[in-house]
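> I am sharing upload.pdb, which consists of PDB, C-alpha atoms, pLDDT in the B column:
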MODEL        1
ATOM      1  CA  MET P 825     103.796 -69.665 116.199  1.00 78.00           C
ATOM      2  CA  GLU P 826     107.360 -68.847 115.230  1.00 91.00           C
ATOM      3  CA  ALA P 827     109.960 -69.662 117.876  1.00 95.00           C
ATOM      4  CA  THR P 828     112.750 -67.236 118.695  1.00 97.00           C
ATOM      5  CA  VAL P 829     116.128 -68.812 119.419  1.00 98.00           C
ATOM      6  CA  LEU P 830     118.783 -66.681 121.126  1.00 97.00           C
ATOM      7  CA  MET P 831     122.322 -67.973 120.737  1.00 97.00           C
ATOM      8  CA  VAL P 832     125.097 -66.476 122.853  1.00 95.00           C
ATOM      9  CA  ALA P 833     128.754 -67.052 121.987  1.00 93.00           C
ATOM     10  CA  GLU P 834     131.828 -66.434 124.107  1.00 90.00           C
ATOM     11  CA  LYS P 835     133.169 -63.779 121.734  1.00 90.00           C
ATOM     12  CA  PRO P 836     131.902 -61.725 118.759  1.00 92.00           C
ATOM     13  CA  SER P 837     134.035 -63.523 116.152  1.00 94.00           C
ATOM     14  CA  ILE P 838     132.447 -66.849 117.150  1.00 94.00           C
ATOM     15  CA  ALA P 839     128.941 -65.340 116.929  1.00 95.00           C
ATOM     16  CA  ASP P 840     129.735 -64.131 113.405  1.00 95.00           C
ATOM     17  CA  SER P 841     131.115 -67.541 112.356  1.00 96.00           C
ATOM     18  CA  LEU P 842     128.137 -69.385 113.870  1.00 96.00           C
ATOM     19  CA  ALA P 843     125.596 -67.219 112.083  1.00 96.00           C
ATOM     20  CA  LYS P 844     127.389 -67.697 108.758  1.00 96.00           C
ATOM     21  CA  ALA P 845     127.640 -71.462 109.252  1.00 96.00           C
ATOM     22  CA  LEU P 846     124.082 -72.028 110.502  1.00 95.00           C
ATOM     23  CA  CYS P 847     122.035 -69.650 108.354  1.00 96.00           C
ATOM     24  CA  PRO P 848     120.302 -71.925 105.815  1.00 95.00           C
ATOM     25  CA  THR P 849     120.596 -69.368 103.002  1.00 93.00           C
ATOM     26  CA  GLY P 850     124.237 -68.546 103.719  1.00 90.00           C
ATOM     27  CA  PRO P 851     125.819 -65.272 104.804  1.00 90.00           C
ATOM     28  CA  GLN P 852     123.599 -63.215 102.481  1.00 91.00           C
ATOM     29  CA  GLY P 853     120.565 -64.235 104.572  1.00 93.00           C
ATOM     30  CA  ILE P 854     121.925 -62.647 107.759  1.00 94.00           C
ATOM     31  CA  ARG P 855     120.851 -59.224 108.963  1.00 93.00           C
ATOM     32  CA  LYS P 856     123.335 -57.574 111.330  1.00 92.00           C
ATOM     33  CA  ARG P 857     122.269 -54.906 113.790  1.00 87.00           C
ATOM     34  CA  GLY P 858     123.463 -53.240 116.929  1.00 83.00           C
ATOM     35  CA  SER P 859     122.217 -54.187 120.351  1.00 76.00           C
ATOM     36  CA  LEU P 860     118.901 -52.831 121.586  1.00 74.00           C
ATOM     37  CA  GLY P 861     119.720 -49.838 123.766  1.00 67.00           C
ATOM     38  CA  ASN P 862     123.433 -50.582 124.249  1.00 69.00           C
ATOM     39  CA  LYS P 863     125.819 -49.112 121.690  1.00 73.00           C
ATOM     40  CA  ARG P 864     128.885 -50.776 123.231  1.00 75.00           C
ATOM     41  CA  ALA P 865     127.473 -54.328 123.186  1.00 80.00           C
ATOM     42  CA  PRO P 866     128.315 -56.834 120.431  1.00 88.00           C
ATOM     43  CA  GLN P 867     126.343 -57.025 117.197  1.00 90.00           C
ATOM     44  CA  VAL P 868     123.319 -59.246 116.800  1.00 94.00           C
ATOM     45  CA  HIS P 869     123.104 -61.477 113.706  1.00 96.00           C
ATOM     46  CA  GLU P 870     119.535 -62.384 112.746  1.00 96.00           C
ATOM     47  CA  TYR P 871     118.269 -64.944 110.263  1.00 97.00           C
ATOM     48  CA  ALA P 872     115.275 -67.195 109.613  1.00 96.00           C
ATOM     49  CA  GLY P 873     115.421 -70.968 109.768  1.00 96.00           C
ATOM     50  CA  THR P 874     113.836 -73.962 111.440  1.00 95.00           C
ATOM     51  CA  PHE P 875     114.185 -75.258 114.970  1.00 95.00           C
ATOM     52  CA  LEU P 876     112.793 -78.656 115.964  1.00 93.00           C
ATOM     53  CA  GLY P 877     110.710 -78.731 112.797  1.00 93.00           C
ATOM     54  CA  GLN P 878     109.084 -75.307 113.113  1.00 94.00           C
ATOM     55  CA  SER P 879     109.825 -71.879 111.694  1.00 95.00           C
ATOM     56  CA  ALA P 880     112.203 -69.912 113.860  1.00 97.00           C
ATOM     57  CA  LYS P 881     113.887 -66.548 114.098  1.00 97.00           C
ATOM     58  CA  PHE P 882     117.503 -66.864 115.202  1.00 97.00           C
ATOM     59  CA  LYS P 883     119.405 -64.129 117.039  1.00 97.00           C
ATOM     60  CA  VAL P 884     123.138 -64.777 117.492  1.00 97.00           C
ATOM     61  CA  THR P 885     125.177 -62.484 119.729  1.00 95.00           C
ATOM     62  CA  ALA P 886     128.122 -62.639 122.103  1.00 93.00           C
ATOM     63  CA  VAL P 887     129.499 -61.441 125.374  1.00 88.00           C
ATOM     64  CA  THR P 888     132.644 -59.347 125.715  1.00 85.00           C
ATOM     65  CA  GLY P 889     134.949 -58.611 128.582  1.00 78.00           C
ATOM     66  CA  HIS P 890     134.119 -59.797 132.049  1.00 75.00           C
ATOM     67  CA  VAL P 891     130.827 -59.133 133.780  1.00 76.00           C
ATOM     68  CA  TYR P 892     132.257 -60.058 137.159  1.00 77.00           C
ATOM     69  CA  SER P 893     135.780 -60.102 138.485  1.00 80.00           C
ATOM     70  CA  LEU P 894     136.936 -62.234 141.364  1.00 83.00           C
ATOM     71  CA  ASN P 895     139.051 -60.171 143.722  1.00 88.00           C
ATOM     72  CA  PHE P 896     140.211 -59.978 147.292  1.00 91.00           C
ATOM     73  CA  PRO P 897     138.565 -57.463 149.636  1.00 90.00           C
ATOM     74  CA  ALA P 898     140.141 -54.013 149.816  1.00 89.00           C
ATOM     75  CA  GLU P 899     142.066 -54.787 153.023  1.00 89.00           C
ATOM     76  CA  TYR P 900     144.271 -57.183 151.017  1.00 89.00           C
ATOM     77  CA  ASN P 901     145.136 -54.727 148.218  1.00 85.00           C
ATOM     78  CA  ASP P 902     148.328 -53.425 149.834  1.00 85.00           C
ATOM     79  CA  ARG P 903     150.904 -56.051 148.871  1.00 81.00           C
ATOM     80  CA  GLN P 904     153.402 -54.496 151.304  1.00 86.00           C
ATOM     81  CA  LYS P 905     151.163 -55.366 154.255  1.00 87.00           C
ATOM     82  CA  THR P 906     149.776 -58.692 152.988  1.00 89.00           C
ATOM     83  CA  THR P 907     151.798 -61.879 152.788  1.00 88.00           C
ATOM     84  CA  PRO P 908     151.076 -64.433 150.044  1.00 88.00           C
ATOM     85  CA  ASP P 909     150.069 -67.100 152.556  1.00 90.00           C
ATOM     86  CA  GLU P 910     147.334 -64.787 153.913  1.00 89.00           C
ATOM     87  CA  LEU P 911     145.748 -64.748 150.460  1.00 90.00           C
ATOM     88  CA  PHE P 912     145.273 -68.528 150.494  1.00 90.00           C
ATOM     89  CA  HIS P 913     142.854 -68.136 153.383  1.00 89.00           C
ATOM     90  CA  ALA P 914     141.318 -64.785 152.465  1.00 91.00           C
ATOM     91  CA  ARG P 915     137.736 -64.590 151.297  1.00 92.00           C
ATOM     92  CA  THR P 916     137.037 -63.387 147.767  1.00 93.00           C
ATOM     93  CA  VAL P 917     134.401 -61.045 146.387  1.00 91.00           C
ATOM     94  CA  HIS P 918     132.662 -60.860 143.014  1.00 86.00           C
ATOM     95  CA  GLU P 919     132.795 -57.324 141.625  1.00 84.00           C
ATOM     96  CA  TYR P 920     130.449 -56.228 138.850  1.00 82.00           C
ATOM     97  CA  ASP P 921     132.042 -54.557 135.798  1.00 77.00           C
ATOM     98  CA  ALA P 922     129.424 -52.269 134.254  1.00 78.00           C
ATOM     99  CA  SER P 923     131.631 -51.006 131.397  1.00 76.00           C
ATOM    100  CA  ASN P 924     129.931 -53.003 128.591  1.00 76.00           C
ATOM    101  CA  ASN P 925     126.616 -53.574 130.375  1.00 82.00           C
ATOM    102  CA  ILE P 926     126.432 -57.140 129.038  1.00 85.00           C
ATOM    103  CA  PRO P 927     123.621 -58.240 131.423  1.00 86.00           C
ATOM    104  CA  GLU P 928     121.369 -55.506 130.012  1.00 87.00           C
ATOM    105  CA  HIS P 929     122.320 -56.502 126.441  1.00 89.00           C
ATOM    106  CA  LEU P 930     121.391 -60.134 127.149  1.00 90.00           C
ATOM    107  CA  ARG P 931     118.202 -59.153 128.983  1.00 91.00           C
ATOM    108  CA  LEU P 932     116.988 -57.057 126.064  1.00 91.00           C
ATOM    109  CA  GLU P 933     117.903 -59.659 123.453  1.00 93.00           C
ATOM    110  CA  ALA P 934     116.335 -62.495 125.483  1.00 94.00           C
ATOM    111  CA  ASN P 935     113.002 -60.697 125.718  1.00 94.00           C
ATOM    112  CA  GLY P 936     110.556 -62.874 123.780  1.00 94.00           C
ATOM    113  CA  ALA P 937     113.044 -65.690 123.194  1.00 97.00           C
ATOM    114  CA  HIS P 938     111.764 -69.234 123.588  1.00 96.00           C
ATOM    115  CA  VAL P 939     115.109 -71.027 123.541  1.00 96.00           C
ATOM    116  CA  LEU P 940     118.592 -70.094 124.778  1.00 95.00           C
ATOM    117  CA  VAL P 941     121.651 -71.790 123.268  1.00 95.00           C
ATOM    118  CA  LEU P 942     125.058 -71.097 124.838  1.00 93.00           C
ATOM    119  CA  TRP P 943     128.127 -71.545 122.637  1.00 92.00           C
ATOM    120  CA  LEU P 944     130.862 -71.549 125.262  1.00 86.00           C
ATOM    121  CA  ASP P 945     134.213 -73.206 125.812  1.00 82.00           C
ATOM    122  CA  CYS P 946     134.343 -75.911 128.478  1.00 82.00           C
ATOM    123  CA  ASP P 947     136.699 -73.949 130.701  1.00 81.00           C
ATOM    124  CA  ARG P 948     136.599 -71.599 133.668  1.00 75.00           C
ATOM    125  CA  GLU P 949     135.668 -68.606 131.531  1.00 72.00           C
ATOM    126  CA  GLY P 950     132.776 -70.501 129.929  1.00 73.00           C
ATOM    127  CA  GLU P 951     131.554 -71.529 133.365  1.00 71.00           C
ATOM    128  CA  ASN P 952     131.739 -67.937 134.582  1.00 68.00           C
ATOM    129  CA  ILE P 953     129.628 -66.762 131.650  1.00 68.00           C
ATOM    130  CA  CYS P 954     126.959 -69.297 132.671  1.00 67.00           C
ATOM    131  CA  PHE P 955     127.189 -68.079 136.275  1.00 63.00           C
TER     132      PHE P 955
ENDMDL
END
Show me the file's structure as structure tokens.


Amino acid sequence: MEATVLMVAEKPSIADSLAKALCPTGPQGIRKRGSLGNKRAPQVHEYAGTFLGQSAKFKVTAVTGHVYSLNFPAEYNDRQKTTPDELFHARTVHEYDASNNIPEHLRLEANGAHVLVLWLDCDREGENICF
């Protein structure tokens, strides 16, 4: 059985560089395609190789933008009525940004994958992508 390895990078330029660096036959062995069902999502770079000693299909893609934003509730949006010290004690809310539909892109690309590899920076943004 051939394994499918999905690799997700923090940005499209990193996904492109990873595919070029890791494809055993070099850049000419990479097939680029658009996302399944999401025209605004980043490209997917596909190539054949080996993973843990067995044949594998690799799919390398990326995320773009922010899936969630961390904001204050609407009652704190008027900066004329809210003092800065109130914000230190205010609760926060995660708000979903559907503009690029990245969760759907990842869901479709992960279908049938056996392994997920995240290529993320060790910073707050990388942690939020994992979240």

> Give as a PDB file with C-alpha atoms, in the coordinates of the input every residue, naming chains and numbers as the document does, that has an atom within 10 Å of (115.5, -71.2, 123.4), counting all atoms listed in the file.


ATOM      1  CA  ALA P 827     109.960 -69.662 117.876  1.00 95.00           C
ATOM      2  CA  THR P 828     112.750 -67.236 118.695  1.00 97.00           C
ATOM      3  CA  VAL P 829     116.128 -68.812 119.419  1.00 98.00           C
ATOM      4  CA  LEU P 830     118.783 -66.681 121.126  1.00 97.00           C
ATOM      5  CA  MET P 831     122.322 -67.973 120.737  1.00 97.00           C
ATOM      6  CA  PHE P 875     114.185 -75.258 114.970  1.00 95.00           C
ATOM      7  CA  PHE P 882     117.503 -66.864 115.202  1.00 97.00           C
ATOM      8  CA  ALA P 934     116.335 -62.495 125.483  1.00 94.00           C
ATOM      9  CA  GLY P 936     110.556 -62.874 123.780  1.00 94.00           C
ATOM     10  CA  ALA P 937     113.044 -65.690 123.194  1.00 97.00           C
ATOM     11  CA  HIS P 938     111.764 -69.234 123.588  1.00 96.00           C
ATOM     12  CA  VAL P 939     115.109 -71.027 123.541  1.00 96.00           C
ATOM     13  CA  LEU P 940     118.592 -70.094 124.778  1.00 95.00           C
ATOM     14  CA  VAL P 941     121.651 -71.790 123.268  1.00 95.00           C
ATOM     15  CA  LEU P 942     125.058 -71.097 124.838  1.00 93.00           C
TER      16      LEU P 942
END

> Using all atoms listed in the file, which of P:Ala880, P:Val832, P:Ile854, P:Leu846 sits nearest Pro927 (chain P)?

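Distance minimum relative to Pro927 (chain P) lands on P:Val832.
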
> Apply the PyMOL selection byres ((chain P and resi 921) around 9) to the file shown and report the selected residues as a short mmCIF file (atom, residue, chain, number, x, y, z; two decimals) with C-alpha atoms, in the coordinates of the input.


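Writing done, so here's out.cif:
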data_model
loop_
_atom_site.label_atom_id
_atom_site.label_comp_id
_atom_site.auth_asym_id
_atom_site.auth_seq_id
_atom_site.Cartn_x
_atom_site.Cartn_y
_atom_site.Cartn_z
CA GLY P 889 134.95 -58.61 128.58
CA HIS P 890 134.12 -59.80 132.05
CA VAL P 891 130.83 -59.13 133.78
CA TYR P 892 132.26 -60.06 137.16
CA SER P 893 135.78 -60.10 138.49
CA GLU P 919 132.79 -57.32 141.62
CA TYR P 920 130.45 -56.23 138.85
CA ALA P 922 129.42 -52.27 134.25
CA SER P 923 131.63 -51.01 131.40
CA ASN P 924 129.93 -53.00 128.59
CA ASN P 925 126.62 -53.57 130.38
#

> Please measure the separation of CA of Leu932 (chain P) and CA of Pro866 (chain P), giving the value in Å to one decimal.

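Between these atoms lies a distance of 12.7 Å.
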
> Can you pull out every residue within 10 Å of Ala833 (chain P), counting all atoms listed in the file, but drop anything in the same chain fewer than 6 positions away, and send it as a PyMOL selection string?

chain P and resi 839-842+884-888+941-945+950+953

> Could you jot down the CA of Ala914 (chain P) to CA of Asp902 (chain P) separation for me, Å, one decimal place?

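Calculated distance between CA of Ala914 (chain P) and CA of Asp902 (chain P) is 13.6 Å.
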
> What does the distance from CA of Leu894 (chain P) to CA of Leu860 (chain P) come to in Å, to one decimal?

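Separating CA of Leu894 (chain P) from CA of Leu860 (chain P) is a distance of 28.4 Å.
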
> Provide an axis-aligned box for all listed atoms of region 859-868 of chain P, padding each side by 5 Å; report its centre and its edge lengths in Å to one decimal, as JSON.


{"center_x": 123.9, "center_y": -54.2, "center_z": 120.5, "size_x": 20.0, "size_y": 20.1, "size_z": 17.4}

> Name all residues at most 10 Å from Arg855 (chain P) (count all atoms listed in the file; drop same-chain ones fewer than 4 positions away) and give them as a ChimeraX atom specification.

/P:843,851,868-872,883
